[in-house]
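Next comes target19.txt, with compact mmCIF, C-alpha atoms.
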# COMPACT_ATOMS: atom_id res chain seq x y z
CA MET A 1 98.71 111.02 89.08
CA GLU A 2 94.94 110.79 89.10
CA GLU A 3 94.55 114.45 90.03
CA GLN A 4 96.99 115.44 87.27
CA ARG A 5 94.97 113.46 84.77
CA VAL A 6 91.77 115.23 85.85
CA ARG A 7 93.39 118.65 85.50
CA ARG A 8 94.84 117.75 82.12
CA HIS A 9 91.45 116.83 80.70
CA GLY A 10 90.09 120.19 81.88
CA PRO A 11 86.54 121.31 82.56
CA ALA A 12 85.29 120.23 79.15
CA GLN A 13 85.42 116.57 80.20
CA TRP A 14 84.34 116.93 83.85
CA TRP A 15 81.39 114.64 83.20
CA ARG A 16 83.75 111.69 82.69
CA HIS A 17 86.46 112.50 85.23
CA GLY A 18 84.53 114.36 87.95
CA PRO A 19 84.11 118.12 88.34
CA PRO A 20 86.84 119.87 90.30
CA TRP A 21 84.37 121.26 92.84
CA TRP A 22 83.44 117.84 94.16
CA GLN A 23 86.83 116.13 94.21
CA ARG A 24 86.72 116.03 98.01
CA THR A 25 84.40 113.20 99.03
CA ASP A 26 85.17 113.01 102.73
CA GLY A 27 83.00 115.96 103.72
CA ALA A 28 85.98 118.25 104.30
CA GLU A 29 86.44 121.57 102.58
CA PRO A 30 88.81 121.62 99.62
CA PRO A 31 92.31 123.02 100.09
CA ALA A 32 92.31 126.81 100.45
CA ALA A 33 88.46 126.70 100.60
CA ARG A 34 88.09 129.08 97.69
CA LEU A 35 84.72 130.63 96.99
CA PRO A 36 83.41 130.18 93.44
CA TRP A 37 83.77 133.84 92.55
CA ARG A 38 84.15 133.40 88.81
CA SER A 39 81.14 131.19 88.17
CA THR A 40 78.98 133.25 90.56
CA ALA A 41 79.98 136.50 88.86
CA LEU A 42 79.18 135.11 85.42
CA LEU A 43 75.80 133.80 86.57
CA THR A 44 74.98 137.08 88.33
CA ALA A 45 75.76 139.08 85.18
CA PHE A 46 73.64 136.72 83.11
CA VAL A 47 70.71 136.97 85.55
CA LEU A 48 70.83 140.80 85.63
CA VAL A 49 71.18 141.25 81.87
CA GLY A 50 68.67 138.51 81.07
CA SER A 51 66.12 139.98 83.47
CA ASN A 52 66.37 143.35 81.71
CA PHE A 53 65.62 141.68 78.38
CA ALA A 54 62.78 139.68 79.95
CA ALA A 55 61.27 142.90 81.37
CA HIS A 56 60.95 144.37 77.86
CA GLY A 57 58.90 141.37 76.77
CA GLN A 58 56.58 141.44 79.80
CA PRO A 59 55.15 144.99 79.96
CA ASP A 60 52.26 143.79 82.16
CA ARG A 61 54.67 142.97 85.01
CA GLU A 62 56.28 145.45 87.40
CA PRO A 63 59.31 147.24 85.92
CA LEU A 64 62.69 146.39 87.33
CA ASP A 65 63.64 148.88 90.04
CA ALA A 66 66.35 149.02 92.68
CA TYR A 67 64.47 146.62 94.96
CA ALA A 68 64.17 144.08 92.12
CA ARG A 69 67.89 144.30 91.38
CA VAL A 70 68.70 143.84 95.07
CA LEU A 71 66.62 140.65 95.10
CA LEU A 72 68.37 139.42 91.96
CA LEU A 73 71.77 140.18 93.51
CA VAL A 74 70.81 138.41 96.74
CA ALA A 75 69.60 135.30 94.89
CA SER A 76 72.76 135.21 92.78
CA GLY A 77 75.20 136.28 95.51
CA LEU A 78 74.11 133.46 97.82
CA LEU A 79 75.66 131.04 95.33
CA LEU A 80 79.09 132.09 96.58
CA TRP A 81 78.49 129.84 99.62
CA ARG A 82 76.70 127.01 97.82
CA HIS A 83 79.55 124.55 98.44
CA ARG A 84 80.09 125.48 102.10
CA HIS A 85 76.44 125.78 103.12
CA PRO A 86 74.33 124.07 100.44
CA VAL A 87 71.19 123.73 102.58
CA ALA A 88 71.07 127.38 103.63
CA VAL A 89 71.81 128.53 100.09
CA VAL A 90 69.14 126.36 98.43
CA PHE A 91 66.47 127.69 100.82
CA GLY A 92 67.80 131.25 100.52
CA THR A 93 67.70 131.32 96.72
CA ALA A 94 64.21 129.81 96.72
CA ALA A 95 63.00 132.43 99.22
CA ALA A 96 64.59 135.34 97.32
CA THR A 97 63.08 134.09 94.06
CA LEU A 98 59.64 133.70 95.65
CA VAL A 99 59.77 137.26 97.04
CA TYR A 100 60.87 138.51 93.60
CA LEU A 101 57.92 136.81 91.90
CA GLY A 102 55.51 137.87 94.64
CA ALA A 103 56.51 141.49 94.06
CA GLY A 104 55.25 141.17 90.50
CA TYR A 105 58.60 141.42 88.73
CA PRO A 106 59.12 139.73 85.34
CA TYR A 107 59.80 136.04 84.97
CA GLY A 108 63.28 135.33 83.72
CA PRO A 109 66.67 133.81 84.47
CA VAL A 110 66.26 134.26 88.23
CA PHE A 111 65.20 130.61 88.21
CA LEU A 112 68.78 129.68 87.24
CA THR A 113 69.92 130.57 90.76
CA VAL A 114 67.45 128.04 92.16
CA ALA A 115 68.63 125.43 89.65
CA ALA A 116 72.33 125.95 90.51
CA SER A 117 71.75 125.77 94.27
CA CYS A 118 69.49 122.71 93.90
CA VAL A 119 72.06 120.79 91.85
CA THR A 120 74.81 121.62 94.35
CA ALA A 121 72.68 120.56 97.34
CA VAL A 122 71.65 117.24 95.76
CA VAL A 123 75.21 116.41 94.71
CA ALA A 124 76.40 117.22 98.24
CA GLY A 125 73.91 114.69 99.63
CA HIS A 126 71.16 117.08 100.83
CA ARG A 127 68.44 115.72 98.60
CA ARG A 128 65.57 116.26 101.02
CA ALA A 129 66.48 119.93 101.57
CA ALA A 130 66.79 120.54 97.83
CA TRP A 131 63.46 118.93 96.97
CA THR A 132 61.74 120.67 99.89
CA SER A 133 63.01 124.10 98.83
CA VAL A 134 61.89 123.79 95.20
CA GLY A 135 58.61 122.25 96.35
CA LEU A 136 57.96 125.22 98.63
CA LEU A 137 58.89 127.58 95.81
CA TRP A 138 56.35 125.95 93.50
CA ALA A 139 53.66 125.88 96.24
CA GLY A 140 54.28 129.56 96.99
CA HIS A 141 54.02 130.42 93.32
CA VAL A 142 50.72 128.51 93.09
CA LEU A 143 49.33 130.55 95.98
CA ILE A 144 50.47 133.79 94.38
CA ALA A 145 49.25 132.97 90.88
CA LEU A 146 45.85 131.49 91.82
CA TRP A 147 44.81 133.23 95.05
CA LEU A 148 47.02 136.09 96.21
CA TYR A 149 47.48 137.89 92.88
CA ARG A 150 44.63 140.33 93.71
CA ARG A 151 46.49 141.63 96.77
CA LEU A 152 49.94 141.69 95.18
CA PRO A 153 51.44 143.75 92.39
CA PRO A 154 51.15 144.37 89.55
CA PRO A 155 47.77 146.12 89.70
CA GLY A 156 45.11 144.47 87.60
CA ASP A 157 46.93 141.17 87.42
CA THR A 158 44.64 138.41 86.17
CA GLY A 159 46.63 135.65 87.83
CA GLY A 160 47.93 132.45 86.35
CA SER A 161 46.37 129.29 84.99
CA ILE A 162 46.58 125.62 85.83
CA ASP A 163 48.49 125.03 82.58
CA GLN A 164 51.09 127.59 83.61
CA GLU A 165 51.57 125.92 86.98
CA ILE A 166 51.91 122.53 85.34
CA LEU A 167 54.59 123.99 83.08
CA ILE A 168 56.46 125.40 86.09
CA ALA A 169 56.12 122.07 87.91
CA THR A 170 57.58 120.35 84.87
CA TRP A 171 60.50 122.78 84.89
CA ILE A 172 61.10 122.09 88.60
CA LEU A 173 61.03 118.34 87.97
CA ALA A 174 63.56 118.81 85.19
CA ILE A 175 65.87 120.62 87.63
CA GLY A 176 65.45 117.79 90.13
CA ALA A 177 66.13 115.17 87.48
CA LEU A 178 69.31 116.98 86.41
CA SER A 179 70.40 117.19 90.05
CA GLU A 180 69.81 113.49 90.62
CA LEU A 181 71.69 112.64 87.43
CA ALA A 182 74.65 114.71 88.62
CA ARG A 183 74.51 112.97 92.02
CA VAL A 184 74.48 109.50 90.45
CA ARG A 185 77.37 110.41 88.15
CA ARG A 186 79.33 111.79 91.09
CA GLU A 187 78.82 108.61 93.12
CA GLN A 188 79.87 106.53 90.12
CA TRP A 189 82.97 108.66 89.67
CA VAL A 190 83.85 108.29 93.37
CA ARG A 191 83.49 104.50 93.14
CA GLU A 192 85.64 104.36 90.03
CA ARG A 193 88.31 106.48 91.69
CA ALA A 194 88.24 104.28 94.79
CA ASP A 195 88.52 101.17 92.60
CA ARG A 196 91.51 102.64 90.79
CA ALA A 197 93.16 103.53 94.09
CA GLN A 198 92.51 100.02 95.43
CA ALA A 199 93.91 98.46 92.27
CA ALA A 200 97.02 100.63 92.56
CA ARG A 201 97.48 99.58 96.19
CA ARG A 202 97.01 95.93 95.21
CA ARG A 203 99.64 96.24 92.47
CA ALA A 204 102.01 97.88 94.95
CA ASP A 205 101.44 95.07 97.47
CA GLU A 206 102.05 92.46 94.79
CA GLU A 207 105.24 94.22 93.73
CA ARG A 208 106.49 94.37 97.33
CA LEU A 209 105.73 90.67 97.73
CA ARG A 210 107.56 89.89 94.50
CA ILE A 211 110.62 91.88 95.60
CA ALA A 212 110.60 90.24 99.04
CA ARG A 213 110.35 86.81 97.41
CA GLU A 214 113.23 87.58 95.06
CA LEU A 215 115.41 88.83 97.90
CA HIS A 216 114.64 85.74 99.96
CA ASP A 217 115.49 83.39 97.10
CA VAL A 218 118.73 85.18 96.28
CA LEU A 219 119.98 85.65 99.82
CA ALA A 220 118.88 82.28 101.23
CA HIS A 221 120.76 80.37 98.55
CA SER A 222 123.91 82.47 98.53
CA ILE A 223 124.18 82.82 102.30
CA SER A 224 123.68 79.04 102.71
CA VAL A 225 126.59 78.41 100.35
CA ILE A 226 128.70 81.02 102.16
CA ASN A 227 127.84 79.52 105.55
CA VAL A 228 128.82 76.00 104.49
CA GLN A 229 132.04 77.15 102.85
CA ALA A 230 132.97 79.36 105.82
CA GLY A 231 132.56 76.39 108.18
CA MET A 232 134.64 74.23 105.87
CA GLY A 233 137.32 76.92 105.59
CA LEU A 234 137.58 77.31 109.36
CA ALA A 235 137.84 73.55 109.82
CA LEU A 236 140.58 73.17 107.20
CA LEU A 237 142.45 76.43 107.78
CA ASP A 238 145.30 74.74 109.65
CA SER A 239 145.26 71.21 108.26
CA ASP A 240 144.62 71.95 104.56
CA PRO A 241 145.28 75.58 103.64
CA GLU A 242 144.69 74.95 99.92
CA GLN A 243 141.21 73.56 100.56
CA ALA A 244 140.51 76.47 102.86
CA ARG A 245 141.62 78.83 100.07
CA ALA A 246 139.20 77.13 97.68
CA ALA A 247 136.39 77.58 100.22
CA LEU A 248 137.20 81.29 100.53
CA THR A 249 137.21 81.61 96.74
CA THR A 250 133.77 80.04 96.63
CA ILE A 251 132.58 82.48 99.32
CA LYS A 252 133.87 85.41 97.29
CA SER A 253 132.17 84.19 94.12
CA ALA A 254 128.85 83.50 95.88
CA SER A 255 128.83 86.86 97.65
CA ARG A 256 129.63 88.71 94.40
CA GLU A 257 126.79 86.96 92.61
CA ALA A 258 124.42 87.61 95.50
CA LEU A 259 125.28 91.31 95.46
CA GLY A 260 124.66 91.44 91.73
CA GLU A 261 121.26 89.80 91.98
CA VAL A 262 120.24 91.92 94.97
CA ARG A 263 121.21 95.03 93.02
CA GLN A 264 119.13 93.83 90.08
CA VAL A 265 116.10 93.28 92.34
CA LEU A 266 116.50 96.67 94.01
CA ASP A 267 116.76 98.36 90.60
CA THR A 268 113.01 97.86 90.33
CA LEU A 269 112.61 100.30 93.24
CA ARG A 270 113.98 103.15 91.15
CA ALA A 271 111.78 105.70 89.40
CA PRO A 272 108.55 104.25 87.94
CA GLY A 273 109.07 102.85 84.49
CA ALA A 274 112.80 102.23 84.94
CA ALA A 275 113.76 98.88 83.48
CA PRO A 276 116.16 96.39 85.10
CA ARG A 277 119.68 96.65 83.77
CA ALA A 278 120.17 92.87 83.58
CA PRO A 279 117.91 90.05 82.43
CA ALA A 280 116.11 87.99 85.06
CA PRO A 281 117.76 84.63 85.78
CA GLY A 282 116.33 81.51 84.17
CA LEU A 283 117.03 77.82 83.61
CA ASP A 284 119.89 78.75 81.29
CA ARG A 285 121.82 79.52 84.49
CA LEU A 286 121.22 76.05 85.89
CA PRO A 287 124.90 75.06 85.36
CA GLU A 288 125.95 77.98 87.58
CA LEU A 289 123.49 76.81 90.22
CA VAL A 290 124.90 73.27 90.05
CA GLU A 291 128.43 74.66 90.34
CA GLN A 292 127.50 76.71 93.41
CA ALA A 293 125.87 73.69 95.02
CA ALA A 294 129.00 71.66 94.30
CA GLY A 295 131.05 74.35 96.02
CA ALA A 296 128.82 73.84 99.08
CA GLY A 297 129.50 70.08 98.97
CA LEU A 298 126.25 69.07 97.24
CA ALA A 299 126.41 67.02 94.06
CA VAL A 300 123.45 67.75 91.79
CA GLU A 301 122.37 65.37 89.05
CA ILE A 302 120.19 66.75 86.24
CA GLU A 303 117.73 64.34 84.61
CA GLY A 304 116.04 65.43 81.43
CA ALA A 305 116.55 68.60 79.43
CA ALA A 306 115.45 71.96 80.75
CA PRO A 307 112.80 73.32 78.36
CA ARG A 308 112.77 76.82 76.92
CA LEU A 309 110.09 78.70 78.82
CA ALA A 310 108.44 82.07 78.70
CA PRO A 311 110.27 84.64 80.91
CA GLY A 312 107.86 84.45 83.88
CA ALA A 313 107.80 80.66 83.97
CA ASP A 314 111.56 80.50 83.36
CA LEU A 315 112.26 82.68 86.39
CA ALA A 316 109.79 80.74 88.56
CA ALA A 317 111.32 77.38 87.59
CA PHE A 318 114.84 78.64 88.30
CA ARG A 319 113.87 80.03 91.70
CA ILE A 320 112.06 76.82 92.66
CA VAL A 321 115.16 74.74 91.85
CA GLN A 322 117.36 77.26 93.68
CA GLU A 323 115.21 77.23 96.82
CA ALA A 324 114.91 73.43 96.83
CA LEU A 325 118.70 72.98 96.55
CA THR A 326 119.22 75.62 99.25
CA ASN A 327 116.96 73.62 101.56
CA VAL A 328 118.95 70.46 100.84
CA VAL A 329 122.20 72.26 101.74
CA ARG A 330 120.75 73.74 104.93
CA HIS A 331 118.43 71.03 106.24
CA SER A 332 119.49 67.68 104.83
CA GLY A 333 122.35 65.36 105.64
CA SER A 334 122.42 64.17 102.03
CA ARG A 335 125.26 65.34 99.80
CA HIS A 336 123.45 64.34 96.64
CA ALA A 337 120.35 65.75 94.96
CA ARG A 338 118.52 65.03 91.73
CA VAL A 339 116.67 67.54 89.56
CA ARG A 340 114.34 66.01 87.01
CA PHE A 341 112.56 67.83 84.14
CA ASP A 342 109.53 66.23 82.52
CA HIS A 343 107.37 68.29 80.20
CA ASP A 344 104.75 67.85 77.53
CA THR A 345 102.31 70.11 75.70
CA ASP A 346 100.21 70.64 78.86
CA CYS A 347 102.60 71.17 81.74
CA LEU A 348 106.11 71.10 83.09
CA ARG A 349 106.86 68.74 86.00
CA LEU A 350 109.89 69.75 88.00
CA ARG A 351 111.06 67.32 90.71
CA ILE A 352 113.89 67.81 93.20
CA ASP A 353 114.85 64.83 95.42
CA ASP A 354 117.43 64.27 98.13
CA ASP A 355 118.16 61.09 100.10
CA GLY A 356 118.13 62.66 103.58
CA PRO A 357 118.16 62.35 106.46
CA ALA A 358 116.99 65.69 107.81
CA THR A 359 119.56 67.42 110.03
CA GLY A 360 117.18 69.58 112.11
CA ALA A 361 113.62 70.29 113.09
CA ASP A 362 113.02 72.30 109.92
CA ALA A 363 113.19 69.39 107.54
CA GLY A 364 112.60 70.55 104.04
CA GLY A 365 112.93 74.22 104.94
CA SER A 366 111.78 76.83 107.44
CA GLY A 367 108.50 77.44 105.67
CA ASN A 368 109.20 80.81 104.08
CA GLY A 369 110.99 79.26 101.15
CA LEU A 370 108.25 76.71 100.54
CA ALA A 371 105.64 79.49 100.79
CA GLY A 372 107.55 81.50 98.21
CA MET A 373 107.72 78.51 95.86
CA ARG A 374 103.98 77.93 96.23
CA GLU A 375 103.26 81.60 95.49
CA ARG A 376 105.40 81.48 92.37
CA ALA A 377 103.65 78.36 91.13
CA ALA A 378 100.19 79.72 92.02
CA ALA A 379 100.91 82.96 90.14
CA LEU A 380 101.35 80.85 87.00
CA GLY A 381 98.37 78.61 87.75
CA GLY A 382 100.51 75.71 88.95
CA THR A 383 101.02 73.78 92.19
CA ILE A 384 103.81 72.76 94.56
CA GLU A 385 103.93 69.60 96.64
CA ALA A 386 106.70 69.16 99.20
CA GLY A 387 107.25 66.51 101.85
CA PRO A 388 109.20 63.45 102.98
CA ARG A 389 109.55 60.52 100.57
CA PRO A 390 108.35 57.05 101.64
CA ASP A 391 111.86 55.62 101.19
CA GLY A 392 113.56 58.48 103.03
CA GLY A 393 114.74 61.92 102.03
CA PHE A 394 112.66 64.85 100.85
CA ARG A 395 110.91 65.68 97.56
CA VAL A 396 109.69 68.91 95.98
CA LEU A 397 107.35 68.46 93.01
CA ALA A 398 106.32 71.51 90.99
CA VAL A 399 103.71 71.34 88.26
CA LEU A 400 103.60 74.44 86.07
CA PRO A 401 101.31 75.07 83.10
CA SER A 402 102.99 74.72 79.75
CA GLN A 403 104.48 78.05 78.75
CA ILE A 404 107.18 76.49 76.61
CA LYS A 405 108.52 78.57 73.75
CA SER A 406 108.24 76.92 70.39
CA GLU A 407 111.17 77.01 68.02
CA GLU A 408 108.90 78.44 65.33
CA GLY A 409 107.79 81.25 67.62
CA ASP A 410 111.40 82.19 68.37
CA ARG A 411 112.26 82.33 64.72

Could I get this structure in the form of structure tokens?
Amino acid sequence: MEEQRVRRHGPAQWWRHGPPWWQRTDGAEPPAARLPWRSTALLTAFVLVGSNFAAHGQPDREPLDAYARVLLLVASGLLLWRHRHPVAVVFGTAAATLVYLGAGYPYGPVFLTVAASCVTAVVAGHRRAAWTSVGLLWAGHVLIALWLYRRLPPPGDTGGSIDQEILIATWILAIGALSELARVRREQWVRERADRAQAARRRADEERLRIARELHDVLAHSISVINVQAGMGLALLDSDPEQARAALTTIKSASREALGEVRQVLDTLRAPGAAPRAPAPGLDRLPELVEQAAGAGLAVEIEGAAPRLAPGADLAAFRIVQEALTNVVRHSGSRHARVRFDHDTDCLRLRIDDDGPATGADAGGSGNGLAGMRERAAALGGTIEAGPRPDGGFRVLAVLPSQIKSEEGDR
């Protein structure tokens, strides 16, 4: 997706999204390892044509001949390999340019080849090589302009001045500054891309955790009910066929509901952006939960009215009650549980009690269910406390921040 977005913005916005020729940041060559023929051809044509125009304005310099055009072609043609061999290219263009100037040919756009190779080398991480090459180019030009001009063409050359060399040094510094700016922008773009990739991985991990938590809550509750009813049905199959039939009916209902909820959870694994086909369960389904628990032989007493909550909090509260009742069915000898709702403008307090005693080593649950409840509460900024009561039994106390829907807001 990120690469598609970069291509869609096109080269006009490469400064924001990263130029296509530096998308690979691991040091490897890009796929197909294409040479930059198009950009090199355009730059070569510009250098050749621009040098002809520059020659007309500098009659005191040597006229452009075949040797001059070969040097211009060499300096420009080296740019074909500027991405594969940036160090060799930056030194090669500087050397070809220095030979061109030493031969007395006109000043002109030949310096663009040095600028292009310098920017590429700096962006690729070869800052020392880039600065050394342009520094040697400037030093060589100083020698030619101030000392060697008498021995080099054109004949009768009066040499350069200190002001001219300062101007050239300023131009070289400008190239270096542009190269460093491109390098900094590239590093920033790489960090931003890495941050986006990390955020995407984090969202994927959170979604996998959410799906795993949903599957655990759905399956643990339904399978516990099925297990209890199957044991009851086997025990009563001969002595009380009608009661055994009722147990099998409960198993069928619980398994159908479990399949429906599992299908709803797995719907989120469809194509990105696909919405679930059924609403997420909430406290409005508490009567169904109480009925299922009753089918498993657990009487549930509701104290207080379940508030109307925002969807996320509503789902979390429902799953916390479901997991707590599942733990009572699986790990407690009590056949009675109490669910109490207490809420105000600040928070919702949800308490689930049973009278015990525990029927196994995993009193209160195996740990996965409690961990899931704590994660749900923590995701909303709430807390979960679970443990034995002083007078016997087990208690789960959830405190969730107030996300209660107001009647005015619904209207």

* Neighbour list for Arg183 (chain A) as a PyMOL selection string, cut-off 8 Å, all atoms listed in the file, skip fewer than 2 positions in-chain -> chain A and resi 122-125+179-181+185-187

* **Close residues, Ile144 (chain A) itself excluded, 10 Å, only C-alpha atoms, min 6 positions apart in chain, as a PyMOL selection string** => chain A and resi 98+101-104+138+150-152+159-160

* For His126 (chain A), which residue out of A:Pro109, A:Pro86, A:Gly312, A:Gly333 is the nearest one, using all atoms listed in the file? ->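 Closest to His126 (chain A), using all atoms listed in the file: A:Pro86.
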
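CA of Ala177 (chain A) is positioned 28.0 Å from CA of Phe53 (chain A).
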
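Our summary of the geometry notes that CA of Val225 (chain A) is positioned 7.7 Å from CA of Val329 (chain A).
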
* Pick from A:Val110, A:Ala88, A:Val399, A:Val99: nearest to Leu72 (chain A), with all atoms listed in the file counted? ->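 Closest to Leu72 (chain A), using all atoms listed in the file: A:Val110.
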
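Taking CA of Ala258 (chain A) and CA of Glu288 (chain A) as endpoints, the distance between them is 12.6 Å.
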